[in-house]
Amino acid sequence: MSECRQGKREDVSGVRVLVVEDEFIVSLTLKVQLEAMGCRVVGTVRDAAAAVRQAQELRPDVVLMDIGLSGGDGVEATQAIVAQIPTQVIVVTAYGDDRIAQAIQAGARLALTKPVVEEQLARAIAEVTVRRGSAEGRGNDGRSARDALSP
């Protein structure tokens, strides 16, 4: 496994990320941000079915999941992924609080609202990877990453 460099504020070394986003420019932006932090992007997919397949095959540490995907729902994909493999899902979405709450209930650990700033992304990844394996599953309180990870 390739190591990540330390980000500006957060250490995200060793984190392998699967990006699930159907908008090419957003997917590319996330990939560039992750690589700038030194993270290893193990895959990028555009639909829910491919997200579940790739998560099973690649077993990433973190999945960045868009909610509104072609070929299925990102909330349903999140639920399928967290039920099958030990990974952390961060929702990246332009949708409002109801969809975020659904994703959190489905097993997502945090939610980021688009557009995502690199510093936010680094803090979110550090947060979910530090809390990985904490007592009794996900322990989510349903807050968005902007609320939960504010300085």
# chains A, B, ... in the order shown; residues from 1 in each chain; ligands from 1
>>> select_by_dssp(residues="chain A", states="strand (DSSP E)", output="list in words")
Arg16, Val17, Leu18, Val19, Val20, Arg40, Val41, Val42, Gly43, Thr44, Val45, Val62, Val63, Leu64, Met65, Gly68, Leu69, Gly72, Asp73, Gln88, Val89, Ile90, Val91, Val92, Thr93, Leu110, Ala111, Leu112 and Thr113 of chain A
>>> residues_around(residues="Asp61 in chain A", least_positions_apart="6", cutoff="9 Å", atoms="only C-alpha atoms", output="PyMOL selection string")
chain A and resi 14-18+86-89+129
>>> closest_residue(among="A:Gly43, A:Gln102, A:Asp73, A:Asp22", to="Pro60 in chain A", atoms="only C-alpha atoms")
A:Gly43
>>> select_by_dssp(residues="range 47-115 of chain A", states="helix (DSSP H, G or I)", output="PyMOL selection string")
chain A and resi 48-58+74-84+97-106
>>> residues_around(residues="Gly96 in chain A", least_positions_apart="6", cutoff="12 Å", atoms="only C-alpha atoms", output="NGL selection string")
:A and (67-68 or 102-103 or 111-114 or 144)
>>> write_last_selection(atoms="N, CA and C atoms", output="tab-separated table (two decimals), in the first residue's frame")
chain	number	residue	atom	x	y	z
A	67	ILE	N	-24.40	11.36	-3.54
A	67	ILE	CA	-25.72	10.77	-3.28
A	67	ILE	C	-26.49	10.56	-4.58
A	68	GLY	N	-26.52	11.57	-5.44
A	68	GLY	CA	-27.32	11.51	-6.66
A	68	GLY	C	-26.53	10.89	-7.80
A	102	GLN	N	-30.43	10.72	5.55
A	102	GLN	CA	-30.64	9.37	5.03
A	102	GLN	C	-29.31	8.65	4.83
A	103	ALA	N	-28.32	9.37	4.31
A	103	ALA	CA	-27.00	8.76	4.09
A	103	ALA	C	-26.34	8.39	5.42
A	111	ALA	N	-20.68	13.95	6.20
A	111	ALA	CA	-21.16	14.49	4.93
A	111	ALA	C	-20.49	15.83	4.67
A	112	LEU	N	-20.03	16.00	3.44
A	112	LEU	CA	-19.46	17.27	2.98
A	112	LEU	C	-20.37	17.83	1.90
A	113	THR	N	-20.58	19.13	1.94
A	113	THR	CA	-21.41	19.79	0.94
A	113	THR	C	-20.51	20.37	-0.15
A	114	LYS	N	-20.90	20.10	-1.40
A	114	LYS	CA	-20.16	20.62	-2.55
A	114	LYS	C	-20.34	22.13	-2.63
A	144	SER	N	-23.34	17.30	9.86
A	144	SER	CA	-22.54	17.37	8.63
A	144	SER	C	-21.10	17.61	9.01
>>> atom_distance(atom1="CA of Val63 in chain A", atom2="CA of Ala49 in chain A")
13.8 Å
>>> residues_around(residues="Val52 in chain A", least_positions_apart="2", cutoff="7 Å", atoms="only C-alpha atoms", output="list in words")
Ala48, Ala49, Ala50, Gln54, Ala55, Gln56, Ala77, Ala80 and Ile81 of chain A
>>> write_last_selection(atoms="C-alpha atoms", output="CSV table (one decimal), in the first residue's frame")
chain,number,residue,atom,x,y,z
A,48,ALA,CA,-23.9,3.0,-7.6
A,49,ALA,CA,-23.5,-0.6,-8.9
A,50,ALA,CA,-19.9,0.0,-9.9
A,54,GLN,CA,-15.2,-1.6,-6.7
A,55,ALA,CA,-15.5,-1.2,-3.0
A,56,GLN,CA,-15.7,-5.0,-2.6
A,77,ALA,CA,-24.9,2.1,-2.4
A,80,ALA,CA,-24.6,-2.0,0.7
A,81,ILE,CA,-21.0,-1.1,1.0
>>> residues_around(residues="Gly74 in chain A", least_positions_apart="4", cutoff="9 Å", atoms="only C-alpha atoms", output="list of chain:residue names")
A:Val20, A:Asp47, A:Ala48, A:Ala51, A:Met65, A:Asp66, A:Ile67, A:Gly68, A:Leu69, A:Ser70, A:Thr78, A:Gln79, A:Val91, A:Ala103
>>> write_last_selection(atoms="N, CA and C atoms", output="PDB file, in the first residue's frame")
ATOM      1  N   VAL A  20     -16.603   8.055  -5.743  1.00  0.00           N
ATOM      2  CA  VAL A  20     -17.838   7.691  -6.428  1.00  0.00           C
ATOM      3  C   VAL A  20     -18.572   8.990  -6.756  1.00  0.00           C
ATOM      4  N   ASP A  47     -21.262   5.215 -11.044  1.00  0.00           N
ATOM      5  CA  ASP A  47     -22.615   4.780 -10.700  1.00  0.00           C
ATOM      6  C   ASP A  47     -22.606   3.893  -9.459  1.00  0.00           C
ATOM      7  N   ALA A  48     -23.790   3.696  -8.893  1.00  0.00           N
ATOM      8  CA  ALA A  48     -23.936   2.995  -7.626  1.00  0.00           C
ATOM      9  C   ALA A  48     -23.508   1.534  -7.716  1.00  0.00           C
ATOM     10  N   ALA A  51     -19.883   1.279  -7.790  1.00  0.00           N
ATOM     11  CA  ALA A  51     -19.335   1.651  -6.482  1.00  0.00           C
ATOM     12  C   ALA A  51     -19.290   0.444  -5.556  1.00  0.00           C
ATOM     13  N   MET A  65     -18.609   9.360  -1.479  1.00  0.00           N
ATOM     14  CA  MET A  65     -19.821   8.945  -2.167  1.00  0.00           C
ATOM     15  C   MET A  65     -20.745  10.121  -2.467  1.00  0.00           C
ATOM     16  N   ASP A  66     -21.001  10.337  -3.757  1.00  0.00           N
ATOM     17  CA  ASP A  66     -22.045  11.276  -4.156  1.00  0.00           C
ATOM     18  C   ASP A  66     -23.389  10.598  -3.915  1.00  0.00           C
ATOM     19  N   ILE A  67     -24.401  11.361  -3.536  1.00  0.00           N
ATOM     20  CA  ILE A  67     -25.717  10.768  -3.283  1.00  0.00           C
ATOM     21  C   ILE A  67     -26.490  10.563  -4.581  1.00  0.00           C
ATOM     22  N   GLY A  68     -26.522  11.573  -5.437  1.00  0.00           N
ATOM     23  CA  GLY A  68     -27.320  11.507  -6.658  1.00  0.00           C
ATOM     24  C   GLY A  68     -26.529  10.895  -7.802  1.00  0.00           C
ATOM     25  N   LEU A  69     -26.585   9.575  -7.930  1.00  0.00           N
ATOM     26  CA  LEU A  69     -25.815   8.870  -8.948  1.00  0.00           C
ATOM     27  C   LEU A  69     -26.714   8.292 -10.023  1.00  0.00           C
ATOM     28  N   SER A  70     -26.159   8.143 -11.214  1.00  0.00           N
ATOM     29  CA  SER A  70     -26.874   7.414 -12.249  1.00  0.00           C
ATOM     30  C   SER A  70     -26.767   5.925 -11.929  1.00  0.00           C
ATOM     31  N   THR A  78     -24.246   3.241  -0.321  1.00  0.00           N
ATOM     32  CA  THR A  78     -23.587   3.386   0.979  1.00  0.00           C
ATOM     33  C   THR A  78     -23.995   2.258   1.912  1.00  0.00           C
ATOM     34  N   GLN A  79     -25.293   1.996   1.985  1.00  0.00           N
ATOM     35  CA  GLN A  79     -25.796   0.942   2.854  1.00  0.00           C
ATOM     36  C   GLN A  79     -25.222  -0.419   2.459  1.00  0.00           C
ATOM     37  N   VAL A  91     -20.029  11.138   2.592  1.00  0.00           N
ATOM     38  CA  VAL A  91     -20.919  11.604   1.537  1.00  0.00           C
ATOM     39  C   VAL A  91     -20.458  12.982   1.075  1.00  0.00           C
ATOM     40  N   ALA A 103     -28.319   9.366   4.313  1.00  0.00           N
ATOM     41  CA  ALA A 103     -26.998   8.758   4.095  1.00  0.00           C
ATOM     42  C   ALA A 103     -26.339   8.387   5.421  1.00  0.00           C
TER      43      ALA A 103
END
>>> residues_around(residues="Glu118 in chain A", least_positions_apart="2", cutoff="8 Å", atoms="only C-alpha atoms", output="list in words")
Gln33, Leu34, Val116, Gln120, Leu121 and Ala122 of chain A
>>> closest_residue(among="A:Val19, A:Val75, A:Met37, A:Pro115", to="Leu58 in chain A", atoms="only C-alpha atoms")
A:Val19
>>> closest_residue(among="A:Ala101, A:Ala108, A:Ile85, A:Ala36", to="Glu57 in chain A", atoms="only C-alpha atoms")
A:Ile85
>>> atom_distance(atom1="CA of Gly38 in chain A", atom2="CA of Glu23 in chain A")
22.6 Å
>>> atom_distance(atom1="CA of Gly107 in chain A", atom2="CA of Glu127 in chain A")
15.2 Å
